[in-house]
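Below is one structure, written out as structure tokens; the observations come after it.
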Amino acid sequence: MAETTATALPRGFRSARLGWPQLDRIPHPPHRLPFVGDVLGADRRRPLQDSMRYGRLLGPIFRRKYFSREIVFVWGGRLAADLADESRFAKHVGLGVANLRPMAGDGLFTAYNDEPNWQLAHDILAPGFSREAMAGYHPMMLDVAERLLDRWDAEQAGGRPVDVPGDMTKLTLETIARTGFGHDFGSFERSRPHPFVTAMVGTLTFAQRRNVIPGPLSSLLLRDAARRNEVDMAYLNRTVDDLVRARRTGAGSGDLLDRMLETAHPQTGERLAPENVRRQVITFLVAGHETTSGALSFALHYLSRHPDVAARAREEVDRVWGDVARPGYEQVARLRYVRRVLDESLRLWPTAPAYAREARDDTVLDGVHPMRRGAWALVLTPLLHRDPEVWGANAERFDPDRFEAGAVRARAAHTFKPFGTGARACIGRQFALHEATLVLGLLLRRYELRPDPAYRLRVAERLTVIPEDLRLHLDRRAAPPRAPAAFPDTPSEVRCPVTGARD
Ligand code: MNH
């Protein structure tokens with residue numbers, strides 16, 4: 001498939017001017033300039049937090065213009081819920097997602113809705129995220145987590161603080177590489193990030209910069225960055241090709257890579273072509289660790305700042321796990337409160353912080369804003385998750401009880417969307433939640449977390465978000481209580497935040 005050039009109009013309108021007949025009713029920042037638009041004072045390294053600032057100023061739907069390209073942003077709960085209507089709206093592949101197409105092509109995350117490889121890969125790979133598949137990954141996830149504990153034990157013994165985002169990235173990269181592809185990057189044996197991570201961060205940052213520097217200028221302003229990006233992409237491709245080659249000559253264990261290489265579509269018998277396998281492997285290596293690493297890092301930050309919450313979570317781990325050395329698959333799902341801590345962290349900082357929705361046909365958004373077929377809007381999840389009409393006046397406060405089952409039931413549907421929405425929502429949701437809950441449980445059981453009192457949360461952006469320079473001091477806890485849980489939690493009814501369905 002030919003990539004759309006920056007100047008041609010790709011699918012969906014490049015500028016909202018064309019797709020929103022009554023655009024003038026949507027507010028934009030003051031001091032708009034001819035030609036350049038709203039770029040004055042814009043923070044080009046932190047475009048998300050920049051847009052959050054404008055969103056707070058301008059309200060639940062607003063627009064910003066970057067040179068000739070105008071973008072509509074949405075964060076109000078009612079508007080976002082309307083955009084979740086799958087009969088009228090669908091995923092829009094634009095901005096950061098579209099900028100990743102040179103790397104990820106028609107892989108699951110970046111495929112256009114009507115590209116045949118989306119449905120094919122989705123149907124082939126979905127069983128890789130079933131309950132049974134997850135239970136199979138569990139022991140491998142534990143193995144990787146134990147390497148993290150070894151490392152943190154050593155840091156703790158040496159009185160050194162731990163590098164939270166750095167070590168969470170090692171953990172999640174090793175987890176997806178091991179469970180998905182039978183590969184070991186050796187991250188914990190390295191003092192610096194694996195070159196795969198450095199190259200990946202480079203391409204994500206480049207894709208983000210291209211959002212705010214439009215086509216005609218980008219070739220000029222980003223020339224050196226584009227050259228470095230070529231090098232990064234070549235490295236990613238090489239890594240993946242080596243990995244696939246090794247598997248073709250060796251034996252797998254029924255993991256994701258085996259499914260990509262061996263499995264035929266259950267109805268049509270079709271298989272993924274080699275070039276598409278390469279796209280999928282890159283997609284899963286990147287999508288499968290970057291966001292989970294951020295989610296774990298934010299959760300650890302909030303736990304360190306809320307000792308009452310940490311104590312409650314720790315009490316739950318002790319009660320449910322007792323002193324079993326290796327908690328089983330089933331024991332992870334029973335950490336209800338730890339899971340709420342994670343949900344609440346993903347509420348305040350959903351680590352894939354935006355998703356785009358386009359009109360399937362001419363329609364009117366929330367009965368107010370007409371949209372032509374193909375017109376689209378970007379949902380700013382961190383602001384949606386702080387809409388006072390949904391979350392109350394104290395929406396900025398960290399409070400895991402917001403995810404207590406009764407509170408979830410009482411809330412409007414489609415207002416918590418850290419994993420996106422509809423048919424193109426995250427396929428790895430259960431994988432991420434299981435991995436993160438397991439790791440938080442293990443860490444809470446082993447350590448008390450002590451923050452650096454001088455640290456103020458700074459959020460770095462590279463399409464995803466992650467806390468910058470977060471370091472924590474650890475204290476080893478006394479051994480957990482002997483007796484395993486005598487009275488396990490009775491599972492309560494919980495609504496799925498993505499589909500609104502009840503478990
Ligand atoms: Mn994930 C899609 C967030 C973990 C693989 N993921 C999405 C989307 C969001 C998202 C949001 C939808 C984007 C869009 O609409 O444009 N994902 C997350 C978060 C975490 C996460 C916040 C962790 C926390 N994702 C994972 C993991 C994997 C994964 C782990 C793989 C093991 N995600 C994907 C893939 C897609 C996706 C693949 C694209 C699915 C599709 O379009 O069919």
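Quick note on naming: the chains in the structure tokens go A, B, ... in the order shown, residues restart at 1 in each chain, and ligands are numbered from 1 in order of appearance.
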Once you count only C-alpha atoms and all ligand atoms, which residues end up within 7 Å of ligand 1, and could you hand them over as a PyMOL selection string? chain A and resi 91+93+97+108-110+118+122+176+283-284+287-289+291-292+295+350-356+418-421+423-429+431-433
Could you pull out all residues of segment 72-293 of chain A with a DSSP call of strand (DSSP E or B) and give them as a ChimeraX atom specification? /A:72-74,89-91,162-163
Length of the atom CA of Arg45 of chain A to atom CA of Ser293 of chain A vector [Å]: 20.2 Å
Which of these, A:Arg456, A:His369, A:Arg445, A:His265, has the shortest distance to Ala478 of chain A once you count only C-alpha atoms? A:Arg445
Arg402 of chain A surroundings by only C-alpha atoms, 9 Å radius, close-in-sequence under 5 positions cut, as number ranges by chain: A: 340, 344, 391, 407-408
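All residues of protein, DNA or RNA that reach within 6 Å of Lys170 of chain A, judged by only C-alpha atoms and not counting those fewer than 3 positions away in the chain, are Asp167, Leu173 and Ser187 of chain A.
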Written file, previous selection with C-alpha atoms, as a PDB file, in the first residue's frame:
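In the end it all went to result-v5.pdb:
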```
ATOM      1  CA  ASP A 167      13.550  -0.909  35.199  1.00  0.00           C
ATOM      2  CA  LEU A 173      10.253  -5.691  27.223  1.00  0.00           C
ATOM      3  CA  SER A 187      17.866  -6.316  29.536  1.00  0.00           C
TER       4      SER A 187
END
```
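All residues of protein, DNA or RNA that reach within 12 Å of Pro327 of chain A, judged by only C-alpha atoms and not counting those fewer than 6 positions away in the chain, are His138, Pro139, Met141, Leu142, Asp143, Ala145, Glu146, Val317, Asp318, Val320, Trp321, Ala333, Arg334, Leu335, Thr437, Leu438, Val439, Gly441, Leu442, Arg445, Pro484 and Ala485 of chain A.
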Neighbours of Leu285 of chain A within 10 Å (only C-alpha atoms; same-chain residues fewer than 6 positions away dropped), as a list of chain:residue names?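 Returned residues: A:Thr172, A:Leu173, A:Glu174, A:Thr175, A:Ile176, A:Ala177, A:Gly180, A:Phe181, A:Phe196, A:Val197, A:Met200, A:Leu236, A:Val240.
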Can I get the selected residues back with all heavy atoms, as an mmCIF file, in the first residue's frame?
```
data_model
loop_
_atom_site.group_PDB
_atom_site.id
_atom_site.type_symbol
_atom_site.label_atom_id
_atom_site.label_comp_id
_atom_site.auth_asym_id
_atom_site.auth_seq_id
_atom_site.Cartn_x
_atom_site.Cartn_y
_atom_site.Cartn_z
ATOM 1 N N THR A 172 9.021 -5.067 31.182
ATOM 2 C CA THR A 172 7.937 -5.302 30.228
ATOM 3 C C THR A 172 8.479 -5.729 28.865
ATOM 4 O O THR A 172 7.844 -6.521 28.167
ATOM 5 C CB THR A 172 7.035 -4.060 30.087
ATOM 6 O OG1 THR A 172 7.852 -2.916 29.770
ATOM 7 C CG2 THR A 172 6.280 -3.788 31.384
ATOM 8 N N LEU A 173 9.671 -5.231 28.487
ATOM 9 C CA LEU A 173 10.253 -5.691 27.223
ATOM 10 C C LEU A 173 10.597 -7.177 27.307
ATOM 11 O O LEU A 173 10.284 -7.954 26.400
ATOM 12 C CB LEU A 173 11.499 -4.882 26.858
ATOM 13 C CG LEU A 173 12.199 -5.358 25.574
ATOM 14 C CD1 LEU A 173 11.309 -5.138 24.349
ATOM 15 C CD2 LEU A 173 13.552 -4.673 25.363
ATOM 16 N N GLU A 174 11.221 -7.576 28.403
ATOM 17 C CA GLU A 174 11.562 -8.995 28.546
ATOM 18 C C GLU A 174 10.301 -9.861 28.580
ATOM 19 O O GLU A 174 10.282 -10.964 28.045
ATOM 20 C CB GLU A 174 12.393 -9.230 29.814
ATOM 21 C CG GLU A 174 13.809 -8.659 29.759
ATOM 22 C CD GLU A 174 14.625 -9.149 28.569
ATOM 23 O OE1 GLU A 174 14.492 -10.334 28.182
ATOM 24 O OE2 GLU A 174 15.404 -8.342 28.013
ATOM 25 N N THR A 175 9.245 -9.336 29.205
ATOM 26 C CA THR A 175 8.016 -10.125 29.310
ATOM 27 C C THR A 175 7.391 -10.373 27.936
ATOM 28 O O THR A 175 7.059 -11.507 27.597
ATOM 29 C CB THR A 175 6.990 -9.423 30.223
ATOM 30 O OG1 THR A 175 7.569 -9.249 31.514
ATOM 31 C CG2 THR A 175 5.725 -10.247 30.355
ATOM 32 N N ILE A 176 7.235 -9.319 27.129
ATOM 33 C CA ILE A 176 6.597 -9.535 25.821
ATOM 34 C C ILE A 176 7.525 -10.346 24.911
ATOM 35 O O ILE A 176 7.075 -11.199 24.139
ATOM 36 C CB ILE A 176 6.139 -8.215 25.158
ATOM 37 C CG1 ILE A 176 5.372 -8.488 23.855
ATOM 38 C CG2 ILE A 176 7.296 -7.285 24.855
ATOM 39 C CD1 ILE A 176 4.085 -9.244 24.000
ATOM 40 N N ALA A 177 8.841 -10.114 25.028
ATOM 41 C CA ALA A 177 9.777 -10.851 24.169
ATOM 42 C C ALA A 177 9.743 -12.342 24.508
ATOM 43 O O ALA A 177 9.724 -13.194 23.622
ATOM 44 C CB ALA A 177 11.187 -10.294 24.333
ATOM 45 N N GLY A 180 5.854 -13.736 23.991
ATOM 46 C CA GLY A 180 5.355 -13.639 22.623
ATOM 47 C C GLY A 180 6.260 -14.300 21.611
ATOM 48 O O GLY A 180 5.798 -14.841 20.598
ATOM 49 N N PHE A 181 7.572 -14.252 21.868
ATOM 50 C CA PHE A 181 8.506 -14.610 20.819
ATOM 51 C C PHE A 181 9.628 -15.532 21.270
ATOM 52 O O PHE A 181 10.564 -15.792 20.512
ATOM 53 C CB PHE A 181 9.078 -13.320 20.205
ATOM 54 C CG PHE A 181 7.991 -12.379 19.760
ATOM 55 C CD1 PHE A 181 7.543 -11.357 20.579
ATOM 56 C CD2 PHE A 181 7.358 -12.567 18.537
ATOM 57 C CE1 PHE A 181 6.501 -10.524 20.196
ATOM 58 C CE2 PHE A 181 6.315 -11.739 18.132
ATOM 59 C CZ PHE A 181 5.881 -10.716 18.968
ATOM 60 N N PHE A 196 17.408 -1.912 21.160
ATOM 61 C CA PHE A 196 16.043 -1.973 20.616
ATOM 62 C C PHE A 196 15.174 -0.883 21.240
ATOM 63 O O PHE A 196 14.385 -0.232 20.557
ATOM 64 C CB PHE A 196 15.418 -3.355 20.873
ATOM 65 C CG PHE A 196 14.033 -3.496 20.291
ATOM 66 C CD1 PHE A 196 13.852 -3.957 18.990
ATOM 67 C CD2 PHE A 196 12.912 -3.154 21.027
ATOM 68 C CE1 PHE A 196 12.575 -4.062 18.442
ATOM 69 C CE2 PHE A 196 11.630 -3.264 20.495
ATOM 70 C CZ PHE A 196 11.467 -3.727 19.199
ATOM 71 N N VAL A 197 15.333 -0.677 22.553
ATOM 72 C CA VAL A 197 14.538 0.334 23.258
ATOM 73 C C VAL A 197 14.940 1.729 22.794
ATOM 74 O O VAL A 197 14.094 2.585 22.513
ATOM 75 C CB VAL A 197 14.701 0.184 24.785
ATOM 76 C CG1 VAL A 197 14.073 1.358 25.525
ATOM 77 C CG2 VAL A 197 14.086 -1.130 25.252
ATOM 78 N N MET A 200 13.512 2.288 19.410
ATOM 79 C CA MET A 200 12.059 2.429 19.486
ATOM 80 C C MET A 200 11.666 3.813 20.007
ATOM 81 O O MET A 200 10.807 4.478 19.434
ATOM 82 C CB MET A 200 11.477 1.357 20.402
ATOM 83 C CG MET A 200 10.002 1.530 20.632
ATOM 84 S SD MET A 200 9.462 0.681 22.120
ATOM 85 C CE MET A 200 10.128 1.739 23.394
ATOM 86 N N LEU A 236 15.436 -1.763 14.056
ATOM 87 C CA LEU A 236 14.245 -2.503 14.504
ATOM 88 C C LEU A 236 13.948 -3.650 13.532
ATOM 89 O O LEU A 236 13.693 -4.790 13.940
ATOM 90 C CB LEU A 236 13.036 -1.567 14.604
ATOM 91 C CG LEU A 236 13.126 -0.452 15.661
ATOM 92 C CD1 LEU A 236 11.895 0.449 15.596
ATOM 93 C CD2 LEU A 236 13.282 -1.029 17.063
ATOM 94 N N VAL A 240 14.040 -7.783 14.297
ATOM 95 C CA VAL A 240 12.878 -8.635 14.070
ATOM 96 C C VAL A 240 13.197 -9.746 13.068
ATOM 97 O O VAL A 240 12.820 -10.904 13.266
ATOM 98 C CB VAL A 240 11.700 -7.758 13.577
ATOM 99 C CG1 VAL A 240 10.579 -8.613 13.037
ATOM 100 C CG2 VAL A 240 11.219 -6.862 14.704
#
```
